[in-house]
Amino acid sequence: MNRAPTYPDVETMLIGPVVPTRDCGDCTACCTHLTVNSPDFAKPAGVACRHLGQDGCTIHAVRPHICRTWFCVWRRRTDLPDAARPDRSGLLISLNFVDRPQNCLEAVSVNVRMLPGSDAIRSGMAAAILDRLCDRLVPVWFSDGEEKMLLHPSADVARHVLSDTPPPASLATEVAAWRDRYALFDADRPAGG
C-alpha cells in the first residue's frame with residue numbers, strides 16, 4: 001500500500017477512478033494482507049492492523065491518511081464483478097510501486113495476490129479476473145503466496161522489452177509501446193529506445 005510520491009494520481013491514470021457506487025462493506029483484506037509504509041502508519045504484510053477489530057476498523061472515523069486514500073483495484077474497475085471483492089473472491093488486487101525494481105515491469109504494476117484459503121483458481125475466478133486485468137498497458141503479476149509470476153505482457157513481449165532485443169515484426173508495435181511507457185523506470189535504457 002505504498003503511494004507513489006511524485007505521481008499522486010497515477011492510480012487513476014492507469015486503472016481508473018474510484019467507483020462511487022462501490023464500498024468495502026465487510027471486506028478488510030487490505031488491513032491484514034498488505035504492507036503499509038507511509039509517514040503516518042506502517043505495518044508488515046500478513047499481520048492484521050492493530051486497529052482491526054471483530055467488526056472492522058476500530059478507528060475508522062480518524063484512520064490514517066493512507067487508509068482514507070488507498071483503494072484496491074476492485075474499487076476502481078467497474079468491469080470487475082461484485083464477486084471479485086477481495087473477501088468474496090480470495091484475490092486482493094492492488095497497484096504496486098516498487099522503489100528499486102529488478103526490472104522496469106516491476107516498478108509500477110498490478111499485483112493479484114491469492115489470499116490464504118482462496119479457491120479462486122479452482123473456481124475459475126482467478127482466470128476471469130486476470131482476463132479483465134490484462135487488457136491495458138500495465139504489467140500484471142500474480143502471486144499465490146509462494147511464487148510471483150508475470151502474466152501481462154506475454155512472455156515473448158516481456159523478453160524483448162527486458163532484453164532490449166529486436167522483436168519479430170508481429171510483436172514490434174506492442175514491444176515498442178511497453179518500452180516507451182516503462183523506459184523511465186529502466187536506468188540502463190534511454191527513453192524511447
# chains A, B, ... in the order shown; residues from 1 in each chain; ligands from 1
$ residues_around --residues "region 33-43 of chain A" --least-positions-apart "3" --cutoff "10 Å" --atoms "only C-alpha atoms" --output "JSON, numbers by chain"
{"A": [1, 2, 3, 28, 29, 30, 46, 47, 48, 49, 50, 63, 64, 65, 66, 67, 92, 94, 113, 114, 115, 116]}
$ select_by_dssp --residues "chain A" --states "strand (DSSP E or B)" --output "ChimeraX atom specification"
/A:36-38,41-43,52-53,56-57,91-97,108-114,140-143,148-152
$ closest_residue --among "A:Gln102, A:Val161, A:Leu133, A:Val10" --to "Asp180 (chain A)" --atoms "only C-alpha atoms"
A:Val161
$ closest_residue --among "A:Gln54, A:Ile59, A:Ala126, A:Pro20" --to "Ala84 (chain A)" --atoms "only C-alpha atoms"
A:Ala126
$ closest_residue --among "A:Pro166, A:Leu150, A:Cys24, A:Gly117" --to "Arg68 (chain A)" --atoms "only C-alpha atoms"
A:Cys24
$ select_by_dssp --residues "region 8-53 of chain A" --states "helix (DSSP H, G or I)" --output "ChimeraX atom specification"
/A:10-15,29-33
$ closest_residue --among "A:Arg179, A:Leu14, A:Thr173, A:Arg159" --to "Leu95 (chain A)" --atoms "only C-alpha atoms"
A:Leu14
$ closest_residue --among "A:Pro101, A:Pro153, A:Gly145, A:Gly25" --to "Arg85 (chain A)" --atoms "only C-alpha atoms"
A:Gly25
$ atom_distance --atom1 "CA of Ala169 (chain A)" --atom2 "CA of Val140 (chain A)"
23.9 Å
$ residues_around --residues "Asp23 (chain A)" --least-positions-apart "5" --cutoff "12 Å" --atoms "only C-alpha atoms" --output "PyMOL selection string"
chain A and resi 18+28+71-76+82+85-86
$ write_last_selection --atoms "N, CA and C atoms" --output "PDB file, in the first residue's frame"
ATOM      1  N   VAL A  18     -11.940   5.892  -8.504  1.00  0.00           N
ATOM      2  CA  VAL A  18     -12.718   5.102  -7.552  1.00  0.00           C
ATOM      3  C   VAL A  18     -14.163   5.090  -8.027  1.00  0.00           C
ATOM      4  N   THR A  28     -11.998  -6.556   4.772  1.00  0.00           N
ATOM      5  CA  THR A  28     -10.859  -5.960   5.464  1.00  0.00           C
ATOM      6  C   THR A  28      -9.548  -6.614   5.008  1.00  0.00           C
ATOM      7  N   PHE A  71      -7.214   2.534  -2.409  1.00  0.00           N
ATOM      8  CA  PHE A  71      -8.336   1.672  -2.785  1.00  0.00           C
ATOM      9  C   PHE A  71      -7.810   0.514  -3.618  1.00  0.00           C
ATOM     10  N   CYS A  72      -8.305  -0.676  -3.366  1.00  0.00           N
ATOM     11  CA  CYS A  72      -7.912  -1.833  -4.174  1.00  0.00           C
ATOM     12  C   CYS A  72      -8.454  -1.655  -5.593  1.00  0.00           C
ATOM     13  N   VAL A  73      -7.952  -2.450  -6.506  1.00  0.00           N
ATOM     14  CA  VAL A  73      -8.360  -2.347  -7.905  1.00  0.00           C
ATOM     15  C   VAL A  73      -9.846  -2.657  -8.073  1.00  0.00           C
ATOM     16  N   TRP A  74     -10.398  -3.539  -7.250  1.00  0.00           N
ATOM     17  CA  TRP A  74     -11.838  -3.828  -7.343  1.00  0.00           C
ATOM     18  C   TRP A  74     -12.661  -2.561  -7.133  1.00  0.00           C
ATOM     19  N   ARG A  75     -12.185  -1.665  -6.299  1.00  0.00           N
ATOM     20  CA  ARG A  75     -12.904  -0.399  -6.049  1.00  0.00           C
ATOM     21  C   ARG A  75     -12.766   0.568  -7.221  1.00  0.00           C
ATOM     22  N   ARG A  76     -11.850   0.290  -8.176  1.00  0.00           N
ATOM     23  CA  ARG A  76     -11.583   1.211  -9.281  1.00  0.00           C
ATOM     24  C   ARG A  76     -11.995   0.681 -10.659  1.00  0.00           C
ATOM     25  N   ASP A  82     -19.018  -7.897  -8.770  1.00  0.00           N
ATOM     26  CA  ASP A  82     -19.121  -7.797  -7.308  1.00  0.00           C
ATOM     27  C   ASP A  82     -18.446  -8.979  -6.624  1.00  0.00           C
ATOM     28  N   ARG A  85     -14.759  -8.763  -5.217  1.00  0.00           N
ATOM     29  CA  ARG A  85     -14.327  -8.078  -3.997  1.00  0.00           C
ATOM     30  C   ARG A  85     -13.413  -9.040  -3.241  1.00  0.00           C
ATOM     31  N   PRO A  86     -12.300  -8.568  -2.689  1.00  0.00           N
ATOM     32  CA  PRO A  86     -11.305  -9.473  -2.104  1.00  0.00           C
ATOM     33  C   PRO A  86     -11.836 -10.496  -1.118  1.00  0.00           C
TER      34      PRO A  86
END
$ closest_residue --among "A:Glu146, A:Ile121, A:Ala107, A:Ala127" --to "Arg181 (chain A)" --atoms "only C-alpha atoms"
A:Ala107
